[in-house]
$ cat query.cif   # mmCIF, C-alpha atoms, pLDDT in the B column; chains and numbers go by the auth columns
data_data
#
loop_
_atom_site.group_PDB
_atom_site.id
_atom_site.type_symbol
_atom_site.label_atom_id
_atom_site.label_comp_id
_atom_site.label_asym_id
_atom_site.label_seq_id
_atom_site.Cartn_x
_atom_site.Cartn_y
_atom_site.Cartn_z
_atom_site.B_iso_or_equiv
_atom_site.auth_seq_id
_atom_site.auth_asym_id
ATOM 1 C CA MET A 1 0.000 0.000 0.000 46.00 1 A
ATOM 2 C CA SER A 2 1.323 3.459 -0.898 64.00 2 A
ATOM 3 C CA TRP A 3 -0.269 6.799 -0.390 73.00 3 A
ATOM 4 C CA SER A 4 -1.948 8.983 -2.990 82.00 4 A
ATOM 5 C CA ALA A 5 -1.367 12.697 -3.563 86.00 5 A
ATOM 6 C CA GLU A 6 -4.649 13.438 -1.776 87.00 6 A
ATOM 7 C CA GLN A 7 -3.659 11.312 1.236 87.00 7 A
ATOM 8 C CA THR A 8 -0.278 13.029 1.339 88.00 8 A
ATOM 9 C CA MET A 9 -1.878 16.473 1.311 90.00 9 A
ATOM 10 C CA GLN A 10 -4.344 15.555 4.074 92.00 10 A
ATOM 11 C CA PHE A 11 -1.555 13.931 6.100 93.00 11 A
ATOM 12 C CA LEU A 12 0.626 17.060 5.941 93.00 12 A
ATOM 13 C CA PHE A 13 -2.328 19.336 6.690 93.00 13 A
ATOM 14 C CA SER A 14 -3.087 17.291 9.806 94.00 14 A
ATOM 15 C CA LEU A 15 0.542 17.565 10.936 96.00 15 A
ATOM 16 C CA ARG A 16 0.561 21.336 10.507 96.00 16 A
ATOM 17 C CA SER A 17 -2.747 21.703 12.329 96.00 17 A
ATOM 18 C CA HIS A 18 -1.208 19.885 15.321 95.00 18 A
ATOM 19 C CA GLY A 19 1.789 22.226 15.441 96.00 19 A
ATOM 20 C CA VAL A 20 4.344 20.446 13.256 97.00 20 A
ATOM 21 C CA THR A 21 5.680 23.397 11.257 97.00 21 A
ATOM 22 C CA ASP A 22 9.411 22.728 10.776 98.00 22 A
ATOM 23 C CA PRO A 23 9.892 22.444 6.974 97.00 23 A
ATOM 24 C CA ARG A 24 12.645 19.801 7.298 98.00 24 A
ATOM 25 C CA VAL A 25 10.475 17.625 9.538 98.00 25 A
ATOM 26 C CA LEU A 26 7.478 17.942 7.218 97.00 26 A
ATOM 27 C CA THR A 27 9.636 17.032 4.203 97.00 27 A
ATOM 28 C CA ALA A 28 11.020 13.974 6.022 98.00 28 A
ATOM 29 C CA MET A 29 7.528 12.836 6.974 97.00 29 A
ATOM 30 C CA GLU A 30 6.347 13.309 3.402 95.00 30 A
ATOM 31 C CA LYS A 31 9.227 11.149 2.122 95.00 31 A
ATOM 32 C CA ILE A 32 8.646 8.292 4.577 96.00 32 A
ATOM 33 C CA ASP A 33 5.391 6.496 3.734 93.00 33 A
ATOM 34 C CA ARG A 34 3.766 5.449 7.031 95.00 34 A
ATOM 35 C CA GLY A 35 1.842 2.809 5.102 92.00 35 A
ATOM 36 C CA ARG A 36 5.053 0.770 4.794 93.00 36 A
ATOM 37 C CA PHE A 37 5.194 0.475 8.597 95.00 37 A
ATOM 38 C CA VAL A 38 1.586 -0.585 9.266 92.00 38 A
ATOM 39 C CA GLN A 39 0.597 -4.132 8.377 83.00 39 A
ATOM 40 C CA GLY A 40 -2.363 -6.435 8.642 84.00 40 A
ATOM 41 C CA VAL A 41 -5.889 -5.374 9.594 85.00 41 A
ATOM 42 C CA PHE A 42 -4.829 -1.801 10.409 88.00 42 A
ATOM 43 C CA ALA A 43 -3.131 -1.120 7.059 88.00 43 A
ATOM 44 C CA ASP A 44 -6.081 0.916 5.763 88.00 44 A
ATOM 45 C CA ARG A 45 -5.722 3.290 8.746 92.00 45 A
ATOM 46 C CA ALA A 46 -2.032 4.023 8.174 91.00 46 A
ATOM 47 C CA TYR A 47 -2.623 7.670 7.301 92.00 47 A
ATOM 48 C CA GLU A 48 -4.935 8.509 10.185 93.00 48 A
ATOM 49 C CA ASP A 49 -3.531 10.586 13.027 94.00 49 A
ATOM 50 C CA CYS A 50 -3.804 7.856 15.627 94.00 50 A
ATOM 51 C CA PRO A 51 -1.564 5.237 17.249 92.00 51 A
ATOM 52 C CA LEU A 52 -1.997 1.691 15.939 93.00 52 A
ATOM 53 C CA PRO A 53 -1.104 -1.738 17.376 91.00 53 A
ATOM 54 C CA ILE A 54 1.926 -3.607 16.063 92.00 54 A
ATOM 55 C CA ILE A 55 3.421 -6.978 17.039 90.00 55 A
ATOM 56 C CA CYS A 56 4.842 -7.739 20.502 89.00 56 A
ATOM 57 C CA GLY A 57 2.106 -5.696 22.171 87.00 57 A
ATOM 58 C CA GLN A 58 3.639 -2.404 21.038 89.00 58 A
ATOM 59 C CA THR A 59 2.268 0.531 19.033 90.00 59 A
ATOM 60 C CA ILE A 60 3.251 2.815 16.193 93.00 60 A
ATOM 61 C CA SER A 61 2.809 6.361 17.496 93.00 61 A
ATOM 62 C CA GLN A 62 0.364 8.782 15.946 94.00 62 A
ATOM 63 C CA PRO A 63 2.000 10.881 13.212 96.00 63 A
ATOM 64 C CA SER A 64 1.418 14.242 14.935 96.00 64 A
ATOM 65 C CA ILE A 65 3.269 13.036 18.061 95.00 65 A
ATOM 66 C CA VAL A 66 6.104 11.645 15.914 97.00 66 A
ATOM 67 C CA GLY A 67 6.295 15.026 14.193 98.00 67 A
ATOM 68 C CA LEU A 68 6.248 17.026 17.429 97.00 68 A
ATOM 69 C CA MET A 69 8.923 14.821 19.024 97.00 69 A
ATOM 70 C CA THR A 70 11.115 15.050 15.932 98.00 70 A
ATOM 71 C CA GLN A 71 10.641 18.813 15.773 98.00 71 A
ATOM 72 C CA ALA A 72 11.508 19.196 19.467 98.00 72 A
ATOM 73 C CA LEU A 73 14.728 17.240 18.928 98.00 73 A
ATOM 74 C CA GLU A 74 16.086 19.952 16.573 98.00 74 A
ATOM 75 C CA VAL A 75 18.145 17.468 14.547 98.00 75 A
ATOM 76 C CA SER A 76 20.859 18.832 12.266 97.00 76 A
ATOM 77 C CA PRO A 77 22.448 17.010 9.307 98.00 77 A
ATOM 78 C CA ARG A 78 25.685 16.262 11.190 98.00 78 A
ATOM 79 C CA ASP A 79 24.000 14.841 14.298 98.00 79 A
ATOM 80 C CA LYS A 80 24.476 11.351 15.688 98.00 80 A
ATOM 81 C CA VAL A 81 21.107 10.285 17.126 98.00 81 A
ATOM 82 C CA MET A 82 20.134 7.451 19.469 98.00 82 A
ATOM 83 C CA GLU A 83 16.522 6.270 19.495 97.00 83 A
ATOM 84 C CA LEU A 84 15.290 3.958 22.233 96.00 84 A
ATOM 85 C CA GLY A 85 12.333 1.823 21.170 93.00 85 A
ATOM 86 C CA THR A 86 12.591 1.010 17.452 96.00 86 A
ATOM 87 C CA GLY A 87 9.092 -0.469 17.304 94.00 87 A
ATOM 88 C CA SER A 88 7.857 -0.428 13.711 96.00 88 A
ATOM 89 C CA GLY A 89 10.885 1.608 12.620 97.00 89 A
ATOM 90 C CA TYR A 90 8.795 4.596 11.510 97.00 90 A
ATOM 91 C CA GLN A 91 10.387 7.148 13.834 97.00 91 A
ATOM 92 C CA ALA A 92 13.922 5.975 13.024 98.00 92 A
ATOM 93 C CA ALA A 93 13.183 6.200 9.296 98.00 93 A
ATOM 94 C CA ILE A 94 12.125 9.828 9.692 98.00 94 A
ATOM 95 C CA LEU A 95 15.198 10.626 11.789 98.00 95 A
ATOM 96 C CA SER A 96 17.355 9.049 9.068 98.00 96 A
ATOM 97 C CA GLN A 97 16.255 11.839 6.713 98.00 97 A
ATOM 98 C CA LEU A 98 17.489 14.504 9.130 98.00 98 A
ATOM 99 C CA ALA A 99 20.596 13.131 10.874 98.00 99 A
ATOM 100 C CA ARG A 100 24.022 11.830 9.872 98.00 100 A
ATOM 101 C CA ARG A 101 23.465 8.531 11.631 98.00 101 A
ATOM 102 C CA VAL A 102 20.702 6.907 13.690 98.00 102 A
ATOM 103 C CA TYR A 103 21.370 4.236 16.329 98.00 103 A
ATOM 104 C CA THR A 104 18.053 2.617 17.227 98.00 104 A
ATOM 105 C CA VAL A 105 17.597 0.164 20.108 97.00 105 A
ATOM 106 C CA GLU A 106 14.827 -2.438 20.428 95.00 106 A
ATOM 107 C CA ARG A 107 14.229 -5.029 23.161 93.00 107 A
ATOM 108 C CA TYR A 108 12.122 -7.387 20.993 93.00 108 A
ATOM 109 C CA LYS A 109 14.032 -9.459 18.450 95.00 109 A
ATOM 110 C CA ARG A 110 11.004 -9.780 16.124 95.00 110 A
ATOM 111 C CA LEU A 111 10.602 -6.011 15.945 96.00 111 A
ATOM 112 C CA GLN A 112 14.310 -5.417 15.417 96.00 112 A
ATOM 113 C CA THR A 113 14.447 -7.983 12.583 96.00 113 A
ATOM 114 C CA GLN A 114 11.318 -6.629 10.916 96.00 114 A
ATOM 115 C CA ALA A 115 12.486 -3.023 11.144 97.00 115 A
ATOM 116 C CA GLN A 116 15.948 -3.854 9.807 97.00 116 A
ATOM 117 C CA ALA A 117 14.432 -5.640 6.802 97.00 117 A
ATOM 118 C CA LEU A 118 12.261 -2.603 6.077 97.00 118 A
ATOM 119 C CA PHE A 119 15.210 -0.195 6.387 98.00 119 A
ATOM 120 C CA ASP A 120 17.149 -2.365 3.933 97.00 120 A
ATOM 121 C CA ASP A 121 14.206 -2.430 1.535 97.00 121 A
ATOM 122 C CA LEU A 122 13.874 1.362 1.705 96.00 122 A
ATOM 123 C CA GLY A 123 17.609 1.906 1.264 97.00 123 A
ATOM 124 C CA LEU A 124 18.007 3.678 4.612 98.00 124 A
ATOM 125 C CA THR A 125 21.696 2.904 5.083 97.00 125 A
ATOM 126 C CA ASN A 126 22.420 5.369 7.892 98.00 126 A
ATOM 127 C CA ILE A 127 20.327 3.471 10.488 98.00 127 A
ATOM 128 C CA ILE A 128 21.998 0.908 12.750 98.00 128 A
ATOM 129 C CA THR A 129 19.699 -1.369 14.764 98.00 129 A
ATOM 130 C CA PHE A 130 20.558 -2.956 18.114 97.00 130 A
ATOM 131 C CA LEU A 131 18.845 -5.635 20.168 96.00 131 A
ATOM 132 C CA ALA A 132 19.478 -4.391 23.700 93.00 132 A
ATOM 133 C CA ASP A 133 18.020 -3.077 26.944 88.00 133 A
ATOM 134 C CA GLY A 134 17.172 0.494 26.003 86.00 134 A
ATOM 135 C CA SER A 135 17.162 1.747 29.579 87.00 135 A
ATOM 136 C CA HIS A 136 20.966 1.490 29.517 92.00 136 A
ATOM 137 C CA GLY A 137 21.379 3.177 26.148 95.00 137 A
ATOM 138 C CA LEU A 138 24.499 2.411 24.105 97.00 138 A
ATOM 139 C CA PRO A 139 27.470 3.460 26.246 96.00 139 A
ATOM 140 C CA ASP A 140 29.994 2.012 23.781 96.00 140 A
ATOM 141 C CA HIS A 141 28.754 4.406 21.096 97.00 141 A
ATOM 142 C CA ALA A 142 28.221 7.503 23.269 97.00 142 A
ATOM 143 C CA PRO A 143 28.141 10.449 23.375 98.00 143 A
ATOM 144 C CA PHE A 144 25.141 11.331 21.213 98.00 144 A
ATOM 145 C CA ASP A 145 24.089 14.726 19.882 98.00 145 A
ATOM 146 C CA ARG A 146 20.429 13.816 20.196 98.00 146 A
ATOM 147 C CA ILE A 147 18.507 11.106 22.098 98.00 147 A
ATOM 148 C CA LEU A 148 14.859 10.216 21.515 98.00 148 A
ATOM 149 C CA VAL A 149 13.003 7.868 23.852 96.00 149 A
ATOM 150 C CA THR A 150 9.690 6.400 22.665 91.00 150 A
ATOM 151 C CA ALA A 151 8.699 4.795 25.981 87.00 151 A
ATOM 152 C CA ALA A 152 7.849 6.482 29.273 89.00 152 A
ATOM 153 C CA ALA A 153 10.061 6.504 32.360 88.00 153 A
ATOM 154 C CA GLU A 154 9.145 7.971 35.743 89.00 154 A
ATOM 155 C CA ASP A 155 12.241 10.176 35.467 89.00 155 A
ATOM 156 C CA PRO A 156 14.838 10.702 32.740 91.00 156 A
ATOM 157 C CA PRO A 157 17.159 7.685 33.165 91.00 157 A
ATOM 158 C CA GLY A 158 20.600 8.601 34.488 93.00 158 A
ATOM 159 C CA PRO A 159 22.512 6.371 32.024 94.00 159 A
ATOM 160 C CA LEU A 160 20.817 8.150 29.106 96.00 160 A
ATOM 161 C CA LEU A 161 21.509 11.630 30.471 96.00 161 A
ATOM 162 C CA ALA A 162 25.170 10.639 30.836 97.00 162 A
ATOM 163 C CA GLN A 163 25.312 9.602 27.154 98.00 163 A
ATOM 164 C CA LEU A 164 24.102 13.009 25.927 98.00 164 A
ATOM 165 C CA ARG A 165 26.812 15.278 24.570 98.00 165 A
ATOM 166 C CA ILE A 166 27.202 18.734 26.138 98.00 166 A
ATOM 167 C CA GLY A 167 24.971 20.953 24.009 98.00 167 A
ATOM 168 C CA GLY A 168 22.846 17.923 23.123 98.00 168 A
ATOM 169 C CA ILE A 169 19.078 17.434 23.396 98.00 169 A
ATOM 170 C CA MET A 170 16.997 14.509 24.647 98.00 170 A
ATOM 171 C CA VAL A 171 13.228 14.256 24.130 98.00 171 A
ATOM 172 C CA LEU A 172 11.219 11.708 26.095 96.00 172 A
ATOM 173 C CA PRO A 173 7.856 11.060 27.768 94.00 173 A
ATOM 174 C CA VAL A 174 7.979 11.108 31.567 94.00 174 A
ATOM 175 C CA GLY A 175 5.348 9.909 34.022 90.00 175 A
ATOM 176 C CA GLN A 176 3.532 6.910 35.441 76.00 176 A
ATOM 177 C CA SER A 177 2.575 4.300 32.842 64.00 177 A
ATOM 178 C CA ASP A 178 -1.073 4.280 33.920 64.00 178 A
ATOM 179 C CA ALA A 179 -1.518 8.062 33.888 71.00 179 A
ATOM 180 C CA VAL A 180 -1.116 10.895 31.412 78.00 180 A
ATOM 181 C CA GLN A 181 2.549 11.502 30.789 92.00 181 A
ATOM 182 C CA THR A 182 4.389 14.662 29.795 94.00 182 A
ATOM 183 C CA LEU A 183 6.727 15.017 26.844 95.00 183 A
ATOM 184 C CA ILE A 184 9.848 16.823 28.006 97.00 184 A
ATOM 185 C CA ARG A 185 12.954 18.225 26.347 98.00 185 A
ATOM 186 C CA VAL A 186 16.257 18.020 28.175 98.00 186 A
ATOM 187 C CA ARG A 187 19.232 20.155 27.132 98.00 187 A
ATOM 188 C CA ARG A 188 22.659 19.306 28.510 98.00 188 A
ATOM 189 C CA THR A 189 24.724 22.386 29.346 97.00 189 A
ATOM 190 C CA GLU A 190 28.242 22.879 30.678 96.00 190 A
ATOM 191 C CA THR A 191 26.804 23.056 34.192 96.00 191 A
ATOM 192 C CA GLY A 192 23.986 20.492 34.139 96.00 192 A
ATOM 193 C CA TYR A 193 20.611 19.847 32.534 97.00 193 A
ATOM 194 C CA GLU A 194 17.714 22.139 31.600 97.00 194 A
ATOM 195 C CA TYR A 195 14.197 20.658 31.480 96.00 195 A
ATOM 196 C CA GLU A 196 11.220 21.913 29.472 97.00 196 A
ATOM 197 C CA GLU A 197 7.696 20.475 29.453 96.00 197 A
ATOM 198 C CA LEU A 198 6.165 20.285 25.965 95.00 198 A
ATOM 199 C CA CYS A 199 2.762 18.543 25.922 92.00 199 A
ATOM 200 C CA PRO A 200 0.765 15.651 27.436 90.00 200 A
ATOM 201 C CA VAL A 201 1.315 12.257 25.782 91.00 201 A
ATOM 202 C CA ARG A 202 0.749 8.559 26.404 86.00 202 A
ATOM 203 C CA PHE A 203 3.395 5.923 25.665 86.00 203 A
ATOM 204 C CA VAL A 204 4.120 2.350 26.665 78.00 204 A
ATOM 205 C CA PRO A 205 6.404 2.172 29.722 79.00 205 A
ATOM 206 C CA LEU A 206 10.177 1.930 29.426 82.00 206 A
ATOM 207 C CA VAL A 207 10.939 -1.620 30.573 78.00 207 A
ATOM 208 C CA GLU A 208 14.320 -3.032 31.556 75.00 208 A
ATOM 209 C CA GLY A 209 15.666 -6.229 29.999 67.00 209 A
ATOM 210 C CA LEU A 210 14.972 -7.936 26.662 76.00 210 A
ATOM 211 C CA GLY A 211 11.510 -8.924 25.504 63.00 211 A
ATOM 212 C CA ARG A 212 10.496 -12.588 25.331 66.00 212 A
ATOM 213 C CA GLU A 213 8.717 -12.503 21.978 58.00 213 A
#
$ encode --input "query.cif" --output "structure tokens"
Amino acid sequence: MSWSAEQTMQFLFSLRSHGVTDPRVLTAMEKIDRGRFVQGVFADRAYEDCPLPIICGQTISQPSIVGLMTQALEVSPRDKVMELGTGSGYQAAILSQLARRVYTVERYKRLQTQAQALFDDLGLTNIITFLADGSHGLPDHAPFDRILVTAAAEDPPGPLLAQLRIGGIMVLPVGQSDAVQTLIRVRRTETGYEYEELCPVRFVPLVEGLGRE
């Protein structure tokens, strides 16, 4: 399934109406067809602005939230980005259009394998996938210019903050898994960390360890 010109126009209009206005982000989201990342019975809803179920009990985030998180990350073409929670691969694919390199971490082997196959099929050669416990990040590859977390923690995890380069930005949902969470932006400065609340969101919880599926 691929999208039509009319679907593309409606998709971009919906993004703008939800506050996604960065031209680079909009161009990246126009290039990456969300329909390639939604399979099965939900395929015909790929272009709706809503989260959808994927395998392993996970979800693909709604496009407007993906756009707002990407916009908040302020990615530049030379940036090295770490994403925690590959899921369908949709967010990493969009980041690949904006950054020099994307390191994406997934705890479920099935999701990692499926996402890697899709990246290969789409020719997205600047994405590297890892099967690992995302709560620990990728210390061997740190520091990162940008970090994006697509699962909610009660507080920004210390290991991830430590892997953020000075001058870098991390965007993540924070809050209890059974309540409304808040999307926050963390900037690392010479003297510490600055925190900014962006908007209410709802994500699956950030879980330690590898998945069993």
$ resolve_selection --input "query.cif" --expression "the PyMOL selection byres ((chain A and resi 158-171) around 8)" --output "mmCIF file with C-alpha atoms, keeping the file's coordinate frame"
data_model
loop_
_atom_site.group_PDB
_atom_site.id
_atom_site.type_symbol
_atom_site.label_atom_id
_atom_site.label_comp_id
_atom_site.auth_asym_id
_atom_site.auth_seq_id
_atom_site.Cartn_x
_atom_site.Cartn_y
_atom_site.Cartn_z
ATOM 1 C CA MET A 69 8.923 14.821 19.024
ATOM 2 C CA ALA A 72 11.508 19.196 19.467
ATOM 3 C CA LEU A 73 14.728 17.240 18.928
ATOM 4 C CA GLU A 74 16.086 19.952 16.573
ATOM 5 C CA SER A 135 17.162 1.747 29.579
ATOM 6 C CA HIS A 136 20.966 1.490 29.517
ATOM 7 C CA GLY A 137 21.379 3.177 26.148
ATOM 8 C CA LEU A 138 24.499 2.411 24.105
ATOM 9 C CA PRO A 139 27.470 3.460 26.246
ATOM 10 C CA ALA A 142 28.221 7.503 23.269
ATOM 11 C CA PRO A 143 28.141 10.449 23.375
ATOM 12 C CA PHE A 144 25.141 11.331 21.213
ATOM 13 C CA ASP A 145 24.089 14.726 19.882
ATOM 14 C CA ARG A 146 20.429 13.816 20.196
ATOM 15 C CA ILE A 147 18.507 11.106 22.098
ATOM 16 C CA LEU A 148 14.859 10.216 21.515
ATOM 17 C CA VAL A 149 13.003 7.868 23.852
ATOM 18 C CA PRO A 156 14.838 10.702 32.740
ATOM 19 C CA PRO A 157 17.159 7.685 33.165
ATOM 20 C CA LEU A 172 11.219 11.708 26.095
ATOM 21 C CA PRO A 173 7.856 11.060 27.768
ATOM 22 C CA LEU A 183 6.727 15.017 26.844
ATOM 23 C CA ILE A 184 9.848 16.823 28.006
ATOM 24 C CA ARG A 185 12.954 18.225 26.347
ATOM 25 C CA VAL A 186 16.257 18.020 28.175
ATOM 26 C CA ARG A 187 19.232 20.155 27.132
ATOM 27 C CA ARG A 188 22.659 19.306 28.510
ATOM 28 C CA THR A 189 24.724 22.386 29.346
ATOM 29 C CA GLU A 190 28.242 22.879 30.678
#
$ residues_around --input "query.cif" --residues "Ser64 of chain A" --least-positions-apart "5" --cutoff "12 Å" --atoms "all atoms listed in the file" --output "PDB file with C-alpha atoms, keeping the file's coordinate frame"
ATOM      1  CA  PHE A  11      -1.555  13.931   6.100  1.00 93.00           C
ATOM      2  CA  LEU A  12       0.626  17.060   5.941  1.00 93.00           C
ATOM      3  CA  PHE A  13      -2.328  19.336   6.690  1.00 93.00           C
ATOM      4  CA  SER A  14      -3.087  17.291   9.806  1.00 94.00           C
ATOM      5  CA  LEU A  15       0.542  17.565  10.936  1.00 96.00           C
ATOM      6  CA  ARG A  16       0.561  21.336  10.507  1.00 96.00           C
ATOM      7  CA  SER A  17      -2.747  21.703  12.329  1.00 96.00           C
ATOM      8  CA  HIS A  18      -1.208  19.885  15.321  1.00 95.00           C
ATOM      9  CA  GLY A  19       1.789  22.226  15.441  1.00 96.00           C
ATOM     10  CA  VAL A  20       4.344  20.446  13.256  1.00 97.00           C
ATOM     11  CA  THR A  21       5.680  23.397  11.257  1.00 97.00           C
ATOM     12  CA  VAL A  25      10.475  17.625   9.538  1.00 98.00           C
ATOM     13  CA  LEU A  26       7.478  17.942   7.218  1.00 97.00           C
ATOM     14  CA  MET A  29       7.528  12.836   6.974  1.00 97.00           C
ATOM     15  CA  TYR A  47      -2.623   7.670   7.301  1.00 92.00           C
ATOM     16  CA  GLU A  48      -4.935   8.509  10.185  1.00 93.00           C
ATOM     17  CA  ASP A  49      -3.531  10.586  13.027  1.00 94.00           C
ATOM     18  CA  CYS A  50      -3.804   7.856  15.627  1.00 94.00           C
ATOM     19  CA  PRO A  51      -1.564   5.237  17.249  1.00 92.00           C
ATOM     20  CA  MET A  69       8.923  14.821  19.024  1.00 97.00           C
ATOM     21  CA  THR A  70      11.115  15.050  15.932  1.00 98.00           C
ATOM     22  CA  GLN A  71      10.641  18.813  15.773  1.00 98.00           C
ATOM     23  CA  GLN A  91      10.387   7.148  13.834  1.00 97.00           C
ATOM     24  CA  CYS A 199       2.762  18.543  25.922  1.00 92.00           C
ATOM     25  CA  VAL A 201       1.315  12.257  25.782  1.00 91.00           C
TER      26      VAL A 201
END
$ atom_distance --input "query.cif" --atom1 "atom CA of Val102 of chain A" --atom2 "atom CA of Phe42 of chain A"
27.2 Å
$ closest_residue --input "query.cif" --among "A:Val38, A:Val174, A:Ala43, A:Ala179" --to "Ser61 of chain A" --atoms "all atoms listed in the file"
A:Val38
$ atom_distance --input "query.cif" --atom1 "atom CA of Glu154 of chain A" --atom2 "atom CA of Val66 of chain A"
20.4 Å
$ closest_residue --input "query.cif" --among "A:Ala28, A:Ala99, A:Ile55, A:Ala151" --to "Ala115 of chain A" --atoms "all atoms listed in the file"
A:Ile55
$ axis_aligned_box --input "query.cif" --around "segment 136-149 of chain A" --padding-each-side "8 Å" --output "AutoDock Vina command-line options"
--center_x 21.5 --center_y 8.1 --center_z 24.7 --size_x 33.0 --size_y 29.2 --size_z 25.6
$ atom_distance --input "query.cif" --atom1 "atom CA of Gly175 of chain A" --atom2 "atom CA of Val207 of chain A"
13.3 Å
$ residues_around --input "query.cif" --residues "segment 56-59 of chain A" --least-positions-apart "4" --cutoff "8 Å" --atoms "only C-alpha atoms" --output "list in words"
Pro51, Leu52, Gly87, Ser88, Tyr108, Arg110, Leu111, Val204 and Glu213 of chain A
$ closest_residue --input "query.cif" --among "A:Leu131, A:Met9, A:Ala117, A:Ala92" --to "Gly67 of chain A" --atoms "all atoms listed in the file"
A:Ala92
$ resolve_selection --input "query.cif" --expression "the PyMOL selection byres ((chain A and resi 134) around 7)" --output "number ranges by chain"
A: 84-85, 105-107, 132-133, 135-137
$ resolve_selection --input "query.cif" --expression "the PyMOL selection byres ((chain A and resi 32) around 12)" --output "count of residues only"
35
